[in-house]
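Visitor: Starting off with a structure, shown below.
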Amino acid sequence: MNTSVGYQVLMVLVLVGYAVLLYRSRLRPKVIRRSALVILIAGTLVHMYGFSLEHFETGIVAAFFRSLLLSIKLFIYDGELCELVKAQHTPYFLDMYEFVYYAAMLTSLSAIIMLFGKRAMTLLSLRIRKKKFNHVFIGINNRSEMIANGIENEEIAFIEFPTDKKENEMSVKNVIGGVTGEDKKDRFSNKGNVTVLSAKRNLVLSDFKGNVFATIGLDRLKKLITPDTAFYILSENCDRNLDELMTLLKDDDLIHNTIHVCLSRDGVARYYKTTMKQTGTHFVYPSSLAVVELMKSFSCHPAGVMNPLLTADGKPTGAVQGEFNALVIGFGETGQAVTKFLYEFSSAVSADGTPIPVHIIVNDEKIDSLKGPFLFDSPDMVQSGVIQFENFGTESSEFWDRLMQRLDNLNYIAISMGNDASSLDLACTIFMYAMKKRRNGLDGLRIVVRKKRTLSHEKKLVDKMNEKAGHDVIVCYGEYETVFTSDMIVSKKGNGINKAATGVADKISAAYTAVSGKTVQTYGKSESFHIKNRARMELHQFISRANHTPTISAIVAGNPQVSDDALENLARMEHLRYSRYLTAHGYSYAATDDDVFKVSHQICDWNSLTEEDRQYHRDMV
């Protein structure tokens, strides 16, 4: 008796489908592990069924373990079951057995290819591929993951540079891509538009000559990119990163592609000294990424330490009581960005609608060399009297003497000294001092620390301290998780503006139009520079408004219904924030707005605004 042809065809089709699944999931160990477990269970059941057909004289436990061992053998070679049941008229059973056997062999083959055949699979997939890539990430790290997560419905390629497991190796294969693990790559294999490509091993920077893709063994990739393909070089090491960018730009065909590179401002200065300015290069500052994460975290927001002012019956007034006193330790790129963040988002008002007192003390032992460019970028912000500069190192007695004098009044401390271990150690020391010496203990105090990576034992330490305090006092930020999206990238399409970037600005305009019935004039389309600058400003402003939500939420104590008086205070607060935002970005007051010359009529107090401007801020709230 034979099984039906339809049944056999079904088995073959299922096997073919499983082979396709394994191919598409070739870089996902979880798929292979789970498939192997399912096949092992199925094989065990089939073997036990076969033993029952032969009336095998043994106990159920022994039969189970023998079936399990025989199922494991299926992943290596054909087992003994065919011999056991060949005399039986059980064609369906034999077909099922062969199906399990071939599935096991496919799984074993996939595991072997995954371990030893990444290059072969990469070259094969490139050879048969027809679709062009819209985005090419050179290396896999947390920054490239973060940006790729924000890209939808476009083809993405990650170039993986295999490591040879040597610690602290400073070669292009791990510097250009950062340190990564299998779990990192898994995350993107879940998306159908992502392809992970494996480059040659044992590469050094001097190898990169002429056609970069031929050097890394992916010359076919060059035929799968277009003039609009964007490249991303986002490694942690800025100096080496610049070298890789320079090498990539030697390829004349790539010079005018958009290349997103993560560099410090010093690295950018080096870039302009050593290569052409007329390239499609967009710079992503690591400090900016860290501060955007800071802005999105309510635990790091100034609102978390402000006291909402309520009416006698507990309703929000849209105002706060007290002062905002902050200390920023470390005034490098991140420290300067955090200072601007605190300056903008500490914008709250008291019961009568006047701005609350804000004091920001900035401390760095190299403050004299650091504050010059800062003063030049944001002169009005410094002249506001909110910021005070000091140059006491954290090892000096002057620093600790002044900290002890101020500790009772401080409610926000931001630490960004550049050394992760030292920064967290300082945060823990200040925590212990505050717990013992501060008049109010740890109430109303927030200590935020920038860390590129928080180790498990450090996280346990922070969690233990916060548990002792009863609320989040120490908060680590700067690990770049789910922060940066393609909306924040400005490409050369559309006069240098990413359509998604202008799209978010359009959402604000549409929301305002829906509320007020008036149209917001965003930019004049005749001036390309003006368009580009306005689009960036509107994009940053959209992010600022979105991140201002925690302040408003905290001040209204979660109550969505506010009185007209409370709404007026919130509108004053929004205007104050926007005015400080402009000031922090180098704008100054003028009766007529001009984004090219960075002047705006919004840099004034509430009473100096027209009623139309006031209504705009009410609508925004």
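Following the order of the structure tokens, chains are lettered A, B, ..., residues in each are numbered from 1, and ligands are numbered from 1.
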Quick one: contact table of stretch 330-361 of chain A to stretch 407-421 of chain A, 9 Å max, nearest atom pair and distance in Å to one decimal per residue, counting only C-alpha atoms, chain and number order, as a Markdown table?

Guide:
```
| residue | atom | partner | partner_atom | distance |
| --- | --- | --- | --- | --- |
| A:Gly330 | CA | A:Met417 | CA | 4.5 |
| A:Phe331 | CA | A:Ser416 | CA | 7.5 |
| A:Gly332 | CA | A:Met417 | CA | 7.5 |
| A:Thr334 | CA | A:Ser416 | CA | 6.5 |
| A:Gly335 | CA | A:Ser416 | CA | 5.8 |
| A:Val338 | CA | A:Ala414 | CA | 7.7 |
| A:Thr339 | CA | A:Ala414 | CA | 8.8 |
```

Visitor: Quick one: everything within 8 Å of A:Glu568, counting only C-alpha atoms, minus sequence neighbours fewer than 4 positions away in the same chain. Send it as a list in words.

Guide: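 Once the adjacent positions are removed, what remains is Gly318, Asp564, Arg572 and Arg618 of chain A.
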
Visitor: So that I can check the surroundings of A:Tyr477, please list as a ChimeraX atom specification every protein, DNA and RNA residue that reaches within 12 Å of it, counting only C-alpha atoms and ignoring chain neighbours fewer than 2 positions away.

Guide: /A:287,289-301,334,338,414-416,420,423-424,447-454,459,474-475,479-481,483

Visitor: Would you pick out the contacts of A:Ser71 at 7 Å or less, using only C-alpha atoms, so that residues sharing its chain but fewer than 3 positions from it are not included, and give the list as a ChimeraX atom specification?

Guide: /A:40,43-44,67-68,74

Visitor: Which one is closest to A:Gln388: A:Leu10, A:Met404, A:Ala36, A:Val328? Count only C-alpha atoms.

Guide: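 Of A:Leu10, A:Met404, A:Ala36, A:Val328, the one nearest A:Gln388 is A:Val328, counting only C-alpha atoms.
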
Visitor: Show me a table, sorted first by chain and then by increasing residue number, of the residues of stretch 8-46 of chain A having an atom at most 9 Å from stretch 101-121 of chain A, each with its shortest atom pair and the distance in Å to one decimal, counting only C-alpha atoms and written as JSON lines.

Guide:
```
{"residue": "A:Leu15", "atom": "CA", "partner": "A:Ala103", "partner_atom": "CA", "distance": 6.6}
{"residue": "A:Tyr18", "atom": "CA", "partner": "A:Ala103", "partner_atom": "CA", "distance": 7.7}
{"residue": "A:Ala19", "atom": "CA", "partner": "A:Leu106", "partner_atom": "CA", "distance": 6.9}
{"residue": "A:Leu22", "atom": "CA", "partner": "A:Ser110", "partner_atom": "CA", "distance": 6.7}
{"residue": "A:Tyr23", "atom": "CA", "partner": "A:Ser110", "partner_atom": "CA", "distance": 7.7}
{"residue": "A:Arg26", "atom": "CA", "partner": "A:Met114", "partner_atom": "CA", "distance": 6.2}
{"residue": "A:Leu27", "atom": "CA", "partner": "A:Met114", "partner_atom": "CA", "distance": 6.5}
{"residue": "A:Arg28", "atom": "CA", "partner": "A:Met114", "partner_atom": "CA", "distance": 8.7}
{"residue": "A:Pro29", "atom": "CA", "partner": "A:Ala111", "partner_atom": "CA", "distance": 8.0}
{"residue": "A:Ile32", "atom": "CA", "partner": "A:Thr107", "partner_atom": "CA", "distance": 6.4}
{"residue": "A:Arg33", "atom": "CA", "partner": "A:Thr107", "partner_atom": "CA", "distance": 8.8}
{"residue": "A:Ser35", "atom": "CA", "partner": "A:Thr107", "partner_atom": "CA", "distance": 7.3}
{"residue": "A:Ala36", "atom": "CA", "partner": "A:Thr107", "partner_atom": "CA", "distance": 6.6}
{"residue": "A:Ile39", "atom": "CA", "partner": "A:Ala104", "partner_atom": "CA", "distance": 6.4}
{"residue": "A:Leu40", "atom": "CA", "partner": "A:Ala104", "partner_atom": "CA", "distance": 8.1}
{"residue": "A:Gly43", "atom": "CA", "partner": "A:Tyr101", "partner_atom": "CA", "distance": 7.8}
```

Visitor: Would you pick out the contacts of A:Met11 at 10 Å or less, using only C-alpha atoms, so that residues sharing its chain but fewer than 4 positions from it are not included, and give the list as an NGL selection string?

Guide: :A and (5-7 or 15-17 or 95-96 or 98-100)

Visitor: Export, as a compact mmCIF listing (two decimals), in the first residue's frame, the selected residues with N, CA and C atoms.

Guide:
```txt
# COMPACT_ATOMS: atom_id res chain seq x y z
N VAL A 5 -0.17 10.39 -3.83
CA VAL A 5 0.79 11.33 -4.43
C VAL A 5 0.63 12.72 -3.82
N GLY A 6 -0.60 13.13 -3.54
CA GLY A 6 -0.84 14.43 -2.95
C GLY A 6 -0.16 14.59 -1.61
N TYR A 7 -0.19 13.54 -0.80
CA TYR A 7 0.46 13.57 0.51
C TYR A 7 1.97 13.73 0.35
N LEU A 15 8.97 20.74 2.96
CA LEU A 15 10.44 20.72 3.08
C LEU A 15 11.06 21.89 2.31
N VAL A 16 10.55 22.15 1.09
CA VAL A 16 11.06 23.27 0.31
C VAL A 16 10.81 24.58 1.04
N GLY A 17 9.60 24.73 1.61
CA GLY A 17 9.29 25.94 2.37
C GLY A 17 10.19 26.10 3.58
N ASP A 95 6.96 7.78 5.33
CA ASP A 95 7.06 9.12 4.74
C ASP A 95 7.27 10.18 5.82
N MET A 96 6.56 10.03 6.93
CA MET A 96 6.73 10.97 8.03
C MET A 96 8.14 10.90 8.58
N GLU A 98 10.89 9.93 6.97
CA GLU A 98 11.82 10.53 6.03
C GLU A 98 11.71 12.06 6.04
N PHE A 99 10.50 12.57 6.22
CA PHE A 99 10.31 14.02 6.31
C PHE A 99 11.09 14.59 7.50
N VAL A 100 10.96 13.94 8.65
CA VAL A 100 11.68 14.40 9.84
C VAL A 100 13.18 14.30 9.61
```

Visitor: I need the residue nearest A:Ser288 from this list: A:His135, A:Arg265, A:Arg270, A:Lys222. Use only C-alpha atoms for the distance.

Guide: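 Closest residue, counting only C-alpha atoms: A:Arg265.
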
Visitor: Do you know which residues are at most 9 Å from A:Ile360 counting only C-alpha atoms, after dropping those on the same chain fewer than 5 positions away, and could you put them as a ChimeraX atom specification?

Guide: /A:324-328,339,342-343,386-389

Visitor: Tell me which of A:Pro373, A:Gly441, A:Leu245, A:Asp251 sits closest to A:Val268, counting only C-alpha atoms.

Guide: A:Leu245

Visitor: Atom CA of A:Phe283 to atom CA of A:Ala214: how many Å, to one decimal?

Guide: 26.0 Å

Visitor: From stretch 286-422 of chain A, collect each residue whose DSSP state is alpha helix (DSSP H) and return the set as a PyMOL selection string.

Guide: chain A and resi 286-296+333-345+367-377+379-383+397-406+420-422

Visitor: Take the residues from that selection and write them out as a short mmCIF file (atom, residue, chain, number, x, y, z; two decimals), in the first residue's frame, keeping C-alpha atoms.

Guide:
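Writing done, so here's out.cif:
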```cif
data_model
loop_
_atom_site.label_atom_id
_atom_site.label_comp_id
_atom_site.auth_asym_id
_atom_site.auth_seq_id
_atom_site.Cartn_x
_atom_site.Cartn_y
_atom_site.Cartn_z
CA PRO A 286 27.75 61.60 19.44
CA SER A 287 26.94 64.23 22.09
CA SER A 288 23.81 65.23 20.20
CA LEU A 289 22.61 61.62 20.12
CA ALA A 290 23.21 61.27 23.85
CA VAL A 291 21.33 64.46 24.69
CA VAL A 292 18.38 63.51 22.49
CA GLU A 293 18.13 60.36 24.61
CA LEU A 294 18.36 62.54 27.71
CA MET A 295 15.51 64.69 26.41
CA LYS A 296 13.28 61.68 25.83
CA GLU A 333 30.49 68.48 23.76
CA THR A 334 27.99 66.60 25.91
CA GLY A 335 28.27 69.01 28.84
CA GLN A 336 27.57 71.97 26.55
CA ALA A 337 24.59 70.21 24.96
CA VAL A 338 23.22 69.29 28.42
CA THR A 339 23.60 72.92 29.52
CA LYS A 340 21.49 74.05 26.56
CA PHE A 341 18.96 71.33 27.36
CA LEU A 342 18.63 72.48 30.98
CA TYR A 343 18.48 76.12 29.93
CA GLU A 344 15.58 75.39 27.56
CA PHE A 345 13.59 72.84 29.55
CA ILE A 367 36.66 75.78 31.28
CA ASP A 368 38.65 78.70 29.82
CA SER A 369 39.47 76.81 26.61
CA LEU A 370 35.98 75.30 26.34
CA LYS A 371 33.66 78.23 26.90
CA GLY A 372 35.06 80.39 24.08
CA PRO A 373 33.24 78.60 21.21
CA PHE A 374 30.19 78.19 23.45
CA LEU A 375 30.04 81.95 24.04
CA PHE A 376 30.38 82.54 20.31
CA ASP A 377 27.59 80.08 19.40
CA PRO A 379 26.07 84.78 23.20
CA ASP A 380 22.59 85.82 24.40
CA MET A 381 22.19 82.60 26.36
CA VAL A 382 25.33 83.33 28.37
CA GLN A 383 24.45 86.99 28.82
CA SER A 397 39.27 70.69 47.67
CA GLU A 398 37.63 73.83 46.23
CA PHE A 399 35.21 71.68 44.22
CA TRP A 400 34.07 69.70 47.25
CA ASP A 401 33.92 72.75 49.52
CA ARG A 402 31.62 74.54 47.08
CA LEU A 403 29.56 71.38 46.51
CA MET A 404 28.93 71.03 50.24
CA GLN A 405 27.88 74.69 50.44
CA ARG A 406 25.39 74.27 47.58
CA ASP A 420 32.54 56.44 32.24
CA ALA A 421 33.92 54.81 35.37
CA SER A 422 34.97 58.10 36.97
#
```

Visitor: Fewer than 5 positions away in the same chain doesn't count, so skip those; otherwise give me all residues within 9 Å of A:Met465, counting only C-alpha atoms, as an mmCIF file with N, CA, C and O atoms, in the first residue's frame.

Guide:
```
data_model
loop_
_atom_site.group_PDB
_atom_site.id
_atom_site.type_symbol
_atom_site.label_atom_id
_atom_site.label_comp_id
_atom_site.auth_asym_id
_atom_site.auth_seq_id
_atom_site.Cartn_x
_atom_site.Cartn_y
_atom_site.Cartn_z
ATOM 1 N N CYS A 428 27.987 58.310 42.514
ATOM 2 C CA CYS A 428 27.728 57.518 43.726
ATOM 3 C C CYS A 428 28.251 58.225 44.970
ATOM 4 O O CYS A 428 27.610 58.196 46.034
ATOM 5 N N PHE A 431 25.904 60.989 45.773
ATOM 6 C CA PHE A 431 24.703 60.367 46.325
ATOM 7 C C PHE A 431 24.873 60.124 47.830
ATOM 8 O O PHE A 431 23.996 60.461 48.633
ATOM 9 N N LYS A 460 23.436 47.139 38.795
ATOM 10 C CA LYS A 460 22.991 46.637 40.096
ATOM 11 C C LYS A 460 23.280 47.653 41.197
ATOM 12 O O LYS A 460 22.475 47.849 42.110
ATOM 13 N N GLY A 470 14.302 55.289 47.369
ATOM 14 C CA GLY A 470 12.853 55.219 47.171
ATOM 15 C C GLY A 470 12.382 55.848 45.876
ATOM 16 O O GLY A 470 11.197 55.841 45.574
ATOM 17 N N ASP A 472 14.129 57.336 41.655
ATOM 18 C CA ASP A 472 15.313 57.445 40.801
ATOM 19 C C ASP A 472 16.095 58.710 41.144
ATOM 20 O O ASP A 472 15.635 59.827 40.887
ATOM 21 N N VAL A 473 17.275 58.524 41.716
ATOM 22 C CA VAL A 473 18.171 59.649 41.974
ATOM 23 C C VAL A 473 19.296 59.633 40.946
ATOM 24 O O VAL A 473 19.556 60.618 40.269
ATOM 25 N N ILE A 474 19.972 58.490 40.789
ATOM 26 C CA ILE A 474 21.018 58.340 39.775
ATOM 27 C C ILE A 474 20.389 57.746 38.513
ATOM 28 O O ILE A 474 19.750 56.692 38.567
#
```
